[in-house]
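Data block for coords16.pdb (PDB, C-alpha atoms and all ligand atoms):
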```pdb
ATOM      1  CA  MET U   1      12.576 -33.503 -53.756
ATOM      2  CA  ILE U   2      16.301 -34.135 -53.197
ATOM      3  CA  ASP U   3      16.960 -33.193 -56.799
ATOM      4  CA  ARG U   4      15.112 -29.975 -56.273
ATOM      5  CA  LEU U   5      17.199 -29.122 -53.216
ATOM      6  CA  LEU U   6      20.499 -29.943 -54.814
ATOM      7  CA  PHE U   7      19.820 -28.510 -58.220
ATOM      8  CA  PRO U   8      17.221 -25.791 -57.906
ATOM      9  CA  LYS U   9      15.570 -24.947 -61.166
ATOM     10  CA  ASP U  10      13.625 -21.912 -62.143
ATOM     11  CA  GLY U  11      10.095 -22.123 -60.865
ATOM     12  CA  PHE U  12      11.073 -23.139 -57.337
ATOM     13  CA  CYS U  13      11.729 -20.918 -54.355
ATOM     14  CA  TYR U  14      15.425 -21.222 -53.452
ATOM     15  CA  VAL U  15      14.729 -21.155 -49.726
ATOM     16  CA  CYS U  16      11.596 -23.248 -49.143
ATOM     17  CA  SER U  17      11.598 -25.139 -52.486
ATOM     18  CA  ASP U  18       7.947 -24.239 -52.941
ATOM     19  CA  GLU U  19       6.632 -24.313 -56.482
ATOM     20  CA  SER U  20       5.464 -20.871 -57.345
ATOM     21  CA  ASN U  21       4.945 -18.743 -60.389
ATOM     22  CA  ASN U  22       5.336 -15.584 -58.360
ATOM     23  CA  LEU U  23       9.093 -15.610 -57.854
ATOM     24  CA  THR U  24      11.277 -12.543 -57.451
ATOM     25  CA  HIS U  25      15.019 -12.930 -56.790
ATOM     26  CA  SER U  26      14.142 -16.672 -56.959
ATOM     27  CA  LEU U  27      12.083 -16.353 -53.764
ATOM     28  CA  CYS U  28       8.359 -17.007 -53.347
ATOM     29  CA  MET U  29       6.079 -14.316 -51.972
ATOM     30  CA  GLU U  30       5.928 -15.961 -48.530
ATOM     31  CA  CYS U  31       9.728 -16.014 -48.165
ATOM     32  CA  ARG U  32      10.061 -12.516 -49.586
ATOM     33  CA  SER U  33       7.628 -11.194 -47.001
ATOM     34  CA  ARG U  34       9.934 -12.443 -44.253
ATOM     35  CA  ILE U  35      12.905 -10.475 -45.547
ATOM     36  CA  GLU U  36      13.426  -7.073 -43.923
ATOM     37  CA  GLU U  37      15.274  -4.844 -46.369
ATOM     38  CA  ILE U  38      17.244  -2.008 -44.767
ATOM     39  CA  HIS U  39      19.798  -0.839 -47.405
ATOM     40  CA  LYS U  40      21.395   1.250 -44.725
ATOM     41  CA  GLU U  41      24.693   2.946 -43.986
ATOM     42  CA  PHE U  42      26.445   2.360 -40.657
ATOM     43  CA  ARG U  43      29.341   4.360 -39.271
ATOM     44  CA  LEU U  44      32.302   2.429 -37.973
ATOM     45  CA  ASP U  45      34.515   3.902 -35.308
ATOM     46  CA  SER U  46      37.846   3.349 -37.038
ATOM     47  CA  PRO U  47      40.391   5.529 -38.883
ATOM     48  CA  TYR U  48      40.758   2.791 -41.508
ATOM     49  CA  ILE U  49      37.158   2.408 -42.582
ATOM     50  CA  ASP U  50      34.325   4.836 -42.125
ATOM     51  CA  ARG U  51      31.304   3.326 -43.771
ATOM     52  CA  CYS U  52      29.586   0.028 -43.922
ATOM     53  CA  TYR U  53      26.399  -0.630 -45.862
ATOM     54  CA  SER U  54      24.046  -3.498 -45.160
ATOM     55  CA  SER U  55      21.208  -4.815 -47.278
ATOM     56  CA  LEU U  56      19.020  -6.903 -44.966
ATOM     57  CA  PHE U  57      18.218  -7.100 -41.293
ATOM     58  CA  TYR U  58      19.590 -10.264 -39.700
ATOM     59  CA  ASN U  59      16.223 -11.617 -38.543
ATOM     60  CA  ASN U  60      15.260 -15.265 -38.006
ATOM     61  CA  PHE U  61      14.609 -15.770 -41.688
ATOM     62  CA  THR U  62      17.914 -14.378 -42.986
ATOM     63  CA  LYS U  63      19.739 -16.002 -40.082
ATOM     64  CA  ASP U  64      18.309 -19.373 -41.038
ATOM     65  CA  SER U  65      18.988 -18.825 -44.741
ATOM     66  CA  ILE U  66      22.603 -17.825 -44.123
ATOM     67  CA  HIS U  67      23.035 -20.820 -41.888
ATOM     68  CA  ARG U  68      21.847 -23.091 -44.692
ATOM     69  CA  PHE U  69      23.958 -21.179 -47.158
ATOM     70  CA  LYS U  70      26.995 -21.821 -44.971
ATOM     71  CA  PHE U  71      26.486 -25.263 -43.603
ATOM     72  CA  GLU U  72      24.055 -27.164 -45.785
ATOM     73  CA  ASP U  73      25.843 -26.530 -49.037
ATOM     74  CA  ARG U  74      23.106 -24.371 -50.449
ATOM     75  CA  SER U  75      25.671 -22.142 -52.045
ATOM     76  CA  TYR U  76      23.252 -21.346 -54.882
ATOM     77  CA  LEU U  77      21.456 -19.035 -52.413
ATOM     78  CA  TYR U  78      24.073 -16.404 -53.217
ATOM     79  CA  ARG U  79      22.233 -15.858 -56.479
ATOM     80  CA  THR U  80      19.218 -14.700 -54.510
ATOM     81  CA  PHE U  81      21.114 -12.668 -51.978
ATOM     82  CA  HIS U  82      23.466 -10.726 -54.200
ATOM     83  CA  SER U  83      20.552  -8.979 -55.923
ATOM     84  CA  TYR U  84      19.647  -7.306 -52.618
ATOM     85  CA  MET U  85      23.224  -6.097 -52.337
ATOM     86  CA  LEU U  86      23.042  -4.615 -55.823
ATOM     87  CA  LYS U  87      19.921  -2.758 -54.732
ATOM     88  CA  THR U  88      21.781  -1.332 -51.706
ATOM     89  CA  MET U  89      24.519  -0.105 -54.015
ATOM     90  CA  GLU U  90      22.046   1.560 -56.339
ATOM     91  CA  MET U  91      20.098   3.193 -53.513
ATOM     92  CA  ASN U  92      23.223   4.527 -51.810
ATOM     93  CA  LYS U  93      24.981   5.406 -55.078
ATOM     94  CA  ILE U  94      27.969   3.266 -54.183
ATOM     95  CA  LYS U  95      30.324   3.468 -57.126
ATOM     96  CA  ASP U  96      33.590   5.065 -56.003
ATOM     97  CA  PHE U  97      35.725   1.961 -55.759
ATOM     98  CA  ASP U  98      38.258   0.216 -57.981
ATOM     99  CA  ILE U  99      38.313  -3.354 -56.748
ATOM    100  CA  ILE U 100      36.205  -5.783 -54.745
ATOM    101  CA  ILE U 101      37.687  -7.933 -51.992
ATOM    102  CA  PRO U 102      35.706 -10.586 -50.098
ATOM    103  CA  VAL U 103      36.424 -11.054 -46.398
ATOM    104  CA  PRO U 104      38.464 -14.260 -46.326
ATOM    105  CA  VAL U 105      38.024 -17.314 -44.173
ATOM    106  CA  HIS U 106      40.906 -19.538 -43.198
ATOM    107  CA  TRP U 107      41.855 -21.950 -46.013
ATOM    108  CA  ARG U 108      41.139 -24.884 -43.750
ATOM    109  CA  LYS U 109      37.613 -23.685 -43.113
ATOM    110  CA  GLU U 110      37.124 -23.022 -46.831
ATOM    111  CA  ALA U 111      38.409 -26.495 -47.632
ATOM    112  CA  ILE U 112      35.926 -28.072 -45.231
ATOM    113  CA  ARG U 113      33.001 -25.999 -46.461
ATOM    114  CA  GLY U 114      34.028 -26.001 -50.093
ATOM    115  CA  TYR U 115      33.580 -22.258 -50.577
ATOM    116  CA  ASN U 116      33.812 -18.846 -48.964
ATOM    117  CA  GLN U 117      30.345 -17.305 -48.778
ATOM    118  CA  ALA U 118      31.730 -13.740 -48.974
ATOM    119  CA  TYR U 119      33.399 -14.653 -52.268
ATOM    120  CA  LEU U 120      30.181 -16.186 -53.601
ATOM    121  CA  LEU U 121      28.380 -12.927 -52.818
ATOM    122  CA  ALA U 122      31.168 -10.769 -54.233
ATOM    123  CA  LYS U 123      31.629 -12.630 -57.523
ATOM    124  CA  PRO U 124      28.279 -11.818 -59.162
ATOM    125  CA  LEU U 125      28.536  -8.231 -57.881
ATOM    126  CA  ALA U 126      31.907  -7.862 -59.560
ATOM    127  CA  MET U 127      30.522  -9.296 -62.794
ATOM    128  CA  LYS U 128      27.422  -7.091 -62.816
ATOM    129  CA  LEU U 129      29.422  -3.976 -61.935
ATOM    130  CA  ASP U 130      32.303  -4.869 -64.233
ATOM    131  CA  LYS U 131      34.894  -4.466 -61.466
ATOM    132  CA  PRO U 132      37.872  -6.713 -60.757
ATOM    133  CA  ILE U 133      37.699  -9.009 -57.758
ATOM    134  CA  LEU U 134      40.798 -10.022 -55.809
ATOM    135  CA  ARG U 135      40.271 -13.329 -54.129
ATOM    136  CA  ASP U 136      43.772 -14.246 -52.969
ATOM    137  CA  CYS U 137      44.981 -10.801 -51.902
ATOM    138  CA  LEU U 138      43.594 -10.471 -48.392
ATOM    139  CA  VAL U 139      44.054 -13.832 -46.694
ATOM    140  CA  LYS U 140      43.347 -15.235 -43.293
ATOM    141  CA  SER U 141      46.641 -16.809 -42.452
ATOM    142  CA  LYS U 142      45.995 -17.794 -38.882
ATOM    143  CA  TRP U 143      43.345 -19.996 -37.402
ATOM    144  CA  THR U 144      41.681 -17.583 -34.954
ATOM    145  CA  ARG U 145      41.504 -18.731 -31.370
ATOM    146  CA  GLU U 146      38.171 -18.832 -29.619
ATOM    147  CA  GLN U 147      37.396 -15.142 -29.245
ATOM    148  CA  ASN U 148      35.061 -15.285 -26.274
ATOM    149  CA  THR U 149      37.733 -16.246 -23.762
ATOM    150  CA  LEU U 150      39.852 -13.189 -24.600
ATOM    151  CA  SER U 151      39.820  -9.573 -23.405
ATOM    152  CA  ALA U 152      38.858  -6.848 -25.873
ATOM    153  CA  TYR U 153      42.507  -5.936 -26.463
ATOM    154  CA  GLU U 154      43.588  -9.556 -26.930
ATOM    155  CA  ARG U 155      40.675 -10.082 -29.262
ATOM    156  CA  LYS U 156      41.770  -7.227 -31.478
ATOM    157  CA  ARG U 157      45.411  -8.379 -31.512
ATOM    158  CA  ASN U 158      44.347 -11.913 -32.181
ATOM    159  CA  LEU U 159      42.264 -10.839 -35.169
ATOM    160  CA  LEU U 160      44.771  -8.306 -36.510
ATOM    161  CA  ASP U 161      47.547 -10.872 -36.606
ATOM    162  CA  SER U 162      45.386 -13.317 -38.490
ATOM    163  CA  PHE U 163      44.979 -11.328 -41.746
ATOM    164  CA  LYS U 164      47.694 -10.736 -44.320
ATOM    165  CA  VAL U 165      47.963  -9.055 -47.717
ATOM    166  CA  ARG U 166      49.675 -11.006 -50.470
ATOM    167  CA  ARG U 167      51.435  -9.114 -53.275
ATOM    168  CA  ARG U 168      50.482  -5.742 -51.904
ATOM    169  CA  GLU U 169      51.397  -3.909 -55.133
ATOM    170  CA  ARG U 170      47.982  -4.957 -56.432
ATOM    171  CA  ILE U 171      46.161  -2.686 -53.993
ATOM    172  CA  GLN U 172      48.478   0.353 -54.003
ATOM    173  CA  GLY U 173      46.318   3.480 -54.207
ATOM    174  CA  MET U 174      43.190   1.392 -54.757
ATOM    175  CA  ARG U 175      39.739   2.169 -53.398
ATOM    176  CA  ILE U 176      38.428  -1.100 -52.052
ATOM    177  CA  LEU U 177      34.931  -2.425 -51.510
ATOM    178  CA  LEU U 178      34.995  -5.170 -48.861
ATOM    179  CA  ILE U 179      32.224  -7.773 -48.977
ATOM    180  CA  ASP U 180      30.983  -9.954 -46.129
ATOM    181  CA  ASP U 181      27.814 -11.796 -45.153
ATOM    182  CA  ILE U 182      27.087 -10.438 -41.661
ATOM    183  CA  PHE U 183      27.790  -7.139 -39.902
ATOM    184  CA  THR U 184      27.659  -7.505 -36.110
ATOM    185  CA  THR U 185      30.240  -5.540 -34.140
ATOM    186  CA  GLY U 186      32.263  -4.590 -37.202
ATOM    187  CA  SER U 187      35.476  -5.899 -35.636
ATOM    188  CA  THR U 188      36.348  -8.150 -38.594
ATOM    189  CA  LEU U 189      35.672  -5.336 -41.083
ATOM    190  CA  LYS U 190      37.802  -2.929 -39.063
ATOM    191  CA  VAL U 191      40.709  -5.342 -38.875
ATOM    192  CA  CYS U 192      40.483  -6.218 -42.580
ATOM    193  CA  SER U 193      40.475  -2.548 -43.546
ATOM    194  CA  GLU U 194      43.362  -1.765 -41.193
ATOM    195  CA  THR U 195      45.357  -4.560 -42.844
ATOM    196  CA  LEU U 196      44.493  -3.278 -46.344
ATOM    197  CA  MET U 197      45.177   0.392 -45.541
ATOM    198  CA  LYS U 198      48.537  -0.415 -43.941
ATOM    199  CA  ALA U 199      49.392  -2.363 -47.079
ATOM    200  CA  GLY U 200      48.831   0.726 -49.224
ATOM    201  CA  ALA U 201      45.130   0.913 -50.103
ATOM    202  CA  GLU U 202      43.697   4.382 -50.712
ATOM    203  CA  SER U 203      40.356   3.783 -48.976
ATOM    204  CA  VAL U 204      38.128   0.972 -47.796
ATOM    205  CA  PHE U 205      34.427   0.691 -47.224
ATOM    206  CA  ALA U 206      32.228  -2.333 -46.793
ATOM    207  CA  LEU U 207      28.993  -3.881 -47.942
ATOM    208  CA  THR U 208      27.485  -6.777 -46.038
ATOM    209  CA  LEU U 209      24.436  -8.819 -46.909
ATOM    210  CA  THR U 210      22.940  -8.576 -43.420
ATOM    211  CA  SER U 211      23.249  -6.530 -40.258
ATOM    212  CA  THR U 212      22.283  -7.388 -36.685
ATOM    213  CA  LYS U 213      21.488  -3.668 -36.188
ATOM    214  CA  MET U 214      18.623  -1.908 -37.856
TER     215      MET U 214
HETATM  216 ZN    ZN L 301       9.807 -19.704 -50.359
END
```
What is this structure when it is put down as structure tokens?
Ligand SMILES: [Zn+2]
Amino acid sequence: MIDRLLFPKDGFCYVCSDESNNLTHSLCMECRSRIEEIHKEFRLDSPYIDRCYSSLFYNNFTKDSIHRFKFEDRSYLYRTFHSYMLKTMEMNKIKDFDIIIPVPVHWRKEAIRGYNQAYLLAKPLAMKLDKPILRDCLVKSKWTREQNTLSAYERKRNLLDSFKVRRRERIQGMRILLIDDIFTTGSTLKVCSETLMKAGAESVFALTLTSTKM
């Protein structure tokens, strides 16, 4: 059982580890039925980014799966999830971008967790779409203070100061696709795109695995 959880093989559902011969995206039928696909476009109120696409609704099932993905070292789940993101891109004809950038987490957080889930989602997308991925360009340089004790203005400042672009010549005139796992208020996406646009990017739009809105 432990072996199965740590090293999932074909023939097992990635989420519930159930043996099944009816797997799609490495998920059994039961788990698949709990996924709510939306493949939807959301408008963001920002001059730096105008569109965000999301693949799945953030329901209890995806919430739980992402939680495991993040905190139980089930990083192989990205192999299941990224296929839904590819479907969103096909359905919405998303192709006008030059490079892919994952939303970064602070290096300390990445060191503790061992990976950045946005990067794990972005990597197979970049490979399938044959687009370059820049992992070390947009960085989170500051450990963000607890956001819930701050006013809306302080929150924005706090976030904006925490992202930096390294070697900005790499994104000059580039159309960027930002990748993240969850879309909630969009504040992180807005701040990331503001940082990228001010560093010389041509345009930014985002694709997230899940959305808390439908
Ligand atoms: Zn399952």
Near-ligand residues for ligand ZN 301 (chain L), threshold 9 Å, all atoms listed in the file, as a PyMOL selection string: chain U and resi 12-20+23+26-32
Residue with smallest distance to U:Ala201 - pool U:Phe97, U:Tyr53, U:Tyr119, U:Phe183, counting all atoms listed in the file: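 Under the stated criterion, the closest residue is U:Phe97.
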Point (14.1, -13.3, -43.3) neighbourhood (6 Å, only C-alpha atoms) written as a list in words: Arg34, Ile35, Asn59, Asn60, Phe61 and Thr62 of chain U
Please write the residues from the selection above to a file, keeping C-alpha atoms, as a PDB file, in the frame of the given file.
```pdb
ATOM      1  CA  ARG U  34       9.934 -12.443 -44.253  1.00  0.00           C
ATOM      2  CA  ILE U  35      12.905 -10.475 -45.547  1.00  0.00           C
ATOM      3  CA  ASN U  59      16.223 -11.617 -38.543  1.00  0.00           C
ATOM      4  CA  ASN U  60      15.260 -15.265 -38.006  1.00  0.00           C
ATOM      5  CA  PHE U  61      14.609 -15.770 -41.688  1.00  0.00           C
ATOM      6  CA  THR U  62      17.914 -14.378 -42.986  1.00  0.00           C
TER       7      THR U  62
END
```
Near-U:Glu202 list (6 Å; all atoms listed in the file; drop same-chain fewer than 6 positions) as an MDAnalysis selection string: chainID U and resid 173:175
Residue IDs satisfying the PyMOL selection byres (((chain U and resi 182) around 7) and not hetatm), as a ChimeraX atom specification: /U:180-181,183-184,208-211
Just C-alpha atoms for this one: save the residues we selected as a CSV table (one decimal), in the coordinates of the input.
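This went into result_35.csv:
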```csv
chain,number,residue,atom,x,y,z
U,180,ASP,CA,31.0,-10.0,-46.1
U,181,ASP,CA,27.8,-11.8,-45.2
U,183,PHE,CA,27.8,-7.1,-39.9
U,184,THR,CA,27.7,-7.5,-36.1
U,208,THR,CA,27.5,-6.8,-46.0
U,209,LEU,CA,24.4,-8.8,-46.9
U,210,THR,CA,22.9,-8.6,-43.4
U,211,SER,CA,23.2,-6.5,-40.3
```
